[in-house]
Amino acid sequence: QKEVEQDPGPLSVPEGAIVSLNCTYSNSAFQYFMWYRQYSRKGPELLMYTYSSGNKEDGRFTAQVDKSSKYISLFIRDSQPSDSATYLCAMSLQSGGSNYKLTFGKGTLLTVNP
Amino acid sequence: DSGVTQTPKHLITATGQRVTLRCSPRSGDLSVYWYQQSLDQGLQFLIQYYNGEERAKGNILERFSAQQFPDLHSELNLSSLELGDSALYFCASSVGLRVNEQFFGPGTRLTVL
């Protein structure tokens, strides 16, 4: 079983839709959860960062972590064509130190149609 | 633009060859991380350097090596290249060691023929 599973999609939605992106993981020791956005031919950029369980909101983006289910989500409200990208979840055991490394999901390709 | 630069953008080479990828971190960043991204495996952490010293290792093959120089730029050396090494190689940098502070470069696309 892979440590982090993410549906690759592709996911296609109309402009203005609410988008839900998800990852599951197997290692219950993961503490830090991140979502990255990667445009075609670009490097990943950090969108959201959450520690342990709970929700975090930033503008149109909301990240949720459910550690009991080993499940994380990213919601995008009022989706825009400019949100079209690959979304990668990432997790870490620690924030820093020698055990900090990021484990990524394979990414979900999202297309928002005007 | 993240401020992290990588050269070259594209590299095409043959099996058995050796290549060097270069990364310049953002100004002031002491940590450099290398990642490999392929369709099969996704984004995989390879290795991290902090202020010139190796800090953490991930799924890096023995044929691959890296170093960070006194001016903080880093190089990833890939030798005895195989077809399966074809991938995007990303460098990221951060001021310290925290996972949420990594900024990624634009990547180097390596094609091994």
# chains A, B, ... in the order shown; residues from 1 in each chain; ligands from 1
>>> interface_residues(of="chain A", to="chain B", cutoff="12 Å", atoms="only C-alpha atoms", output="PyMOL selection string")
chain A and resi 2-6+8+31-51+86-108
>>> select_by_dssp(residues="stretch 73-102 of chain B", states="strand (DSSP E)", output="PyMOL selection string")
chain B and resi 74-78+87-94
>>> write_last_selection(atoms="C-alpha atoms", output="PDB file, in the first residue's frame")
ATOM      1  CA  SER B  74      23.726  23.015  -5.286  1.00  0.00           C
ATOM      2  CA  GLU B  75      24.419  20.455  -7.960  1.00  0.00           C
ATOM      3  CA  LEU B  76      22.796  17.089  -8.540  1.00  0.00           C
ATOM      4  CA  ASN B  77      24.984  14.625 -10.407  1.00  0.00           C
ATOM      5  CA  LEU B  78      23.360  11.725 -12.228  1.00  0.00           C
ATOM      6  CA  ALA B  87      11.971  12.770 -15.393  1.00  0.00           C
ATOM      7  CA  LEU B  88      11.565  16.303 -14.117  1.00  0.00           C
ATOM      8  CA  TYR B  89      14.070  17.215 -11.441  1.00  0.00           C
ATOM      9  CA  PHE B  90      13.093  19.984  -9.064  1.00  0.00           C
ATOM     10  CA  CYS B  91      15.113  21.900  -6.584  1.00  0.00           C
ATOM     11  CA  ALA B  92      13.490  23.670  -3.659  1.00  0.00           C
ATOM     12  CA  SER B  93      14.948  25.950  -1.033  1.00  0.00           C
ATOM     13  CA  SER B  94      14.000  27.268   2.380  1.00  0.00           C
TER      14      SER B  94
END
>>> select_by_dssp(residues="chain B", states="helix (DSSP H, G or I)", output="list in words")
Leu83, Gly84, Asp85, Val99, Asn100 and Glu101 of chain B
>>> closest_residue(among="B:Thr111, B:Thr20, B:Thr5, B:Asn59", to="B:His73", atoms="only C-alpha atoms")
B:Thr5
>>> atom_distance(atom1="atom CA of A:Val19", atom2="atom CA of A:Gly54")
18.7 Å
>>> residues_around(residues="A:Ser68", least_positions_apart="4", cutoff="12 Å", atoms="only C-alpha atoms", output="list in words")
Thr24, Tyr25, Ser26, Asn27, Ser28, Ala29, Phe30, Ser52, Ser53, Gly54 and Ile72 of chain A
>>> write_last_selection(atoms="all heavy atoms", output="PDB file, in the first residue's frame")
ATOM      1  N   THR A  24      -5.776  10.116   0.809  1.00  0.00           N
ATOM      2  CA  THR A  24      -5.760   9.232   1.970  1.00  0.00           C
ATOM      3  C   THR A  24      -4.327   8.818   2.237  1.00  0.00           C
ATOM      4  O   THR A  24      -3.482   8.862   1.330  1.00  0.00           O
ATOM      5  CB  THR A  24      -6.624   7.979   1.739  1.00  0.00           C
ATOM      6  OG1 THR A  24      -6.121   7.289   0.583  1.00  0.00           O
ATOM      7  CG2 THR A  24      -8.075   8.342   1.517  1.00  0.00           C
ATOM      8  N   TYR A  25      -4.051   8.443   3.460  1.00  0.00           N
ATOM      9  CA  TYR A  25      -2.700   8.056   3.802  1.00  0.00           C
ATOM     10  C   TYR A  25      -2.732   6.896   4.776  1.00  0.00           C
ATOM     11  O   TYR A  25      -3.732   6.627   5.431  1.00  0.00           O
ATOM     12  CB  TYR A  25      -1.907   9.245   4.367  1.00  0.00           C
ATOM     13  CG  TYR A  25      -2.473   9.849   5.622  1.00  0.00           C
ATOM     14  CD1 TYR A  25      -2.013   9.467   6.887  1.00  0.00           C
ATOM     15  CD2 TYR A  25      -3.460  10.828   5.566  1.00  0.00           C
ATOM     16  CE1 TYR A  25      -2.511  10.037   8.033  1.00  0.00           C
ATOM     17  CE2 TYR A  25      -3.967  11.408   6.713  1.00  0.00           C
ATOM     18  CZ  TYR A  25      -3.486  11.013   7.945  1.00  0.00           C
ATOM     19  OH  TYR A  25      -3.984  11.584   9.089  1.00  0.00           O
ATOM     20  N   SER A  26      -1.616   6.203   4.860  1.00  0.00           N
ATOM     21  CA  SER A  26      -1.577   5.004   5.679  1.00  0.00           C
ATOM     22  C   SER A  26      -0.775   5.200   6.973  1.00  0.00           C
ATOM     23  O   SER A  26      -0.994   4.471   7.942  1.00  0.00           O
ATOM     24  CB  SER A  26      -0.984   3.837   4.888  1.00  0.00           C
ATOM     25  OG  SER A  26       0.315   4.156   4.432  1.00  0.00           O
ATOM     26  N   ASN A  27       0.126   6.156   6.990  1.00  0.00           N
ATOM     27  CA  ASN A  27       0.994   6.344   8.150  1.00  0.00           C
ATOM     28  C   ASN A  27       0.338   7.285   9.160  1.00  0.00           C
ATOM     29  O   ASN A  27       0.289   8.491   8.953  1.00  0.00           O
ATOM     30  CB  ASN A  27       2.346   6.903   7.697  1.00  0.00           C
ATOM     31  CG  ASN A  27       3.370   6.921   8.812  1.00  0.00           C
ATOM     32  OD1 ASN A  27       3.036   6.792   9.982  1.00  0.00           O
ATOM     33  ND2 ASN A  27       4.630   7.076   8.453  1.00  0.00           N
ATOM     34  N   SER A  28      -0.114   6.738  10.261  1.00  0.00           N
ATOM     35  CA  SER A  28      -0.834   7.547  11.250  1.00  0.00           C
ATOM     36  C   SER A  28       0.092   8.536  11.969  1.00  0.00           C
ATOM     37  O   SER A  28      -0.380   9.400  12.712  1.00  0.00           O
ATOM     38  CB  SER A  28      -1.512   6.634  12.274  1.00  0.00           C
ATOM     39  OG  SER A  28      -0.555   5.799  12.894  1.00  0.00           O
ATOM     40  N   ALA A  29       1.390   8.410  11.760  1.00  0.00           N
ATOM     41  CA  ALA A  29       2.333   9.331  12.411  1.00  0.00           C
ATOM     42  C   ALA A  29       2.472  10.655  11.675  1.00  0.00           C
ATOM     43  O   ALA A  29       3.104  11.578  12.189  1.00  0.00           O
ATOM     44  CB  ALA A  29       3.707   8.660  12.538  1.00  0.00           C
ATOM     45  N   PHE A  30       1.919  10.772  10.475  1.00  0.00           N
ATOM     46  CA  PHE A  30       1.991  12.058   9.767  1.00  0.00           C
ATOM     47  C   PHE A  30       1.317  13.135  10.607  1.00  0.00           C
ATOM     48  O   PHE A  30       0.237  12.949  11.145  1.00  0.00           O
ATOM     49  CB  PHE A  30       1.308  11.977   8.407  1.00  0.00           C
ATOM     50  CG  PHE A  30       2.140  11.301   7.345  1.00  0.00           C
ATOM     51  CD1 PHE A  30       1.583  10.354   6.501  1.00  0.00           C
ATOM     52  CD2 PHE A  30       3.474  11.628   7.163  1.00  0.00           C
ATOM     53  CE1 PHE A  30       2.331   9.729   5.514  1.00  0.00           C
ATOM     54  CE2 PHE A  30       4.233  11.010   6.189  1.00  0.00           C
ATOM     55  CZ  PHE A  30       3.663  10.051   5.362  1.00  0.00           C
ATOM     56  N   SER A  52      -1.761  18.783  12.184  1.00  0.00           N
ATOM     57  CA  SER A  52      -2.670  17.857  12.862  1.00  0.00           C
ATOM     58  C   SER A  52      -4.078  17.973  12.273  1.00  0.00           C
ATOM     59  O   SER A  52      -4.261  18.258  11.109  1.00  0.00           O
ATOM     60  CB  SER A  52      -2.652  18.126  14.371  1.00  0.00           C
ATOM     61  OG  SER A  52      -3.249  17.055  15.055  1.00  0.00           O
ATOM     62  N   SER A  53      -5.093  17.737  13.080  1.00  0.00           N
ATOM     63  CA  SER A  53      -6.458  17.721  12.561  1.00  0.00           C
ATOM     64  C   SER A  53      -7.074  19.113  12.537  1.00  0.00           C
ATOM     65  O   SER A  53      -6.588  20.031  13.171  1.00  0.00           O
ATOM     66  CB  SER A  53      -7.334  16.826  13.440  1.00  0.00           C
ATOM     67  OG  SER A  53      -7.132  15.482  13.134  1.00  0.00           O
ATOM     68  N   GLY A  54      -8.176  19.223  11.796  1.00  0.00           N
ATOM     69  CA  GLY A  54      -8.913  20.469  11.790  1.00  0.00           C
ATOM     70  C   GLY A  54      -9.004  21.080  10.416  1.00  0.00           C
ATOM     71  O   GLY A  54      -8.632  20.483   9.409  1.00  0.00           O
ATOM     72  N   ILE A  72      -7.443  13.652   4.009  1.00  0.00           N
ATOM     73  CA  ILE A  72      -7.362  15.103   3.947  1.00  0.00           C
ATOM     74  C   ILE A  72      -8.051  15.592   2.682  1.00  0.00           C
ATOM     75  O   ILE A  72      -8.132  14.861   1.679  1.00  0.00           O
ATOM     76  CB  ILE A  72      -5.911  15.636   4.010  1.00  0.00           C
ATOM     77  CG1 ILE A  72      -5.121  15.294   2.731  1.00  0.00           C
ATOM     78  CG2 ILE A  72      -5.183  15.073   5.230  1.00  0.00           C
ATOM     79  CD1 ILE A  72      -3.777  16.012   2.653  1.00  0.00           C
TER      80      ILE A  72
END
>>> atom_distance(atom1="atom CA of A:Phe61", atom2="atom CA of A:Pro81")
14.7 Å
>>> atom_distance(atom1="atom CA of B:Thr15", atom2="atom CA of B:Gln68")
25.9 Å
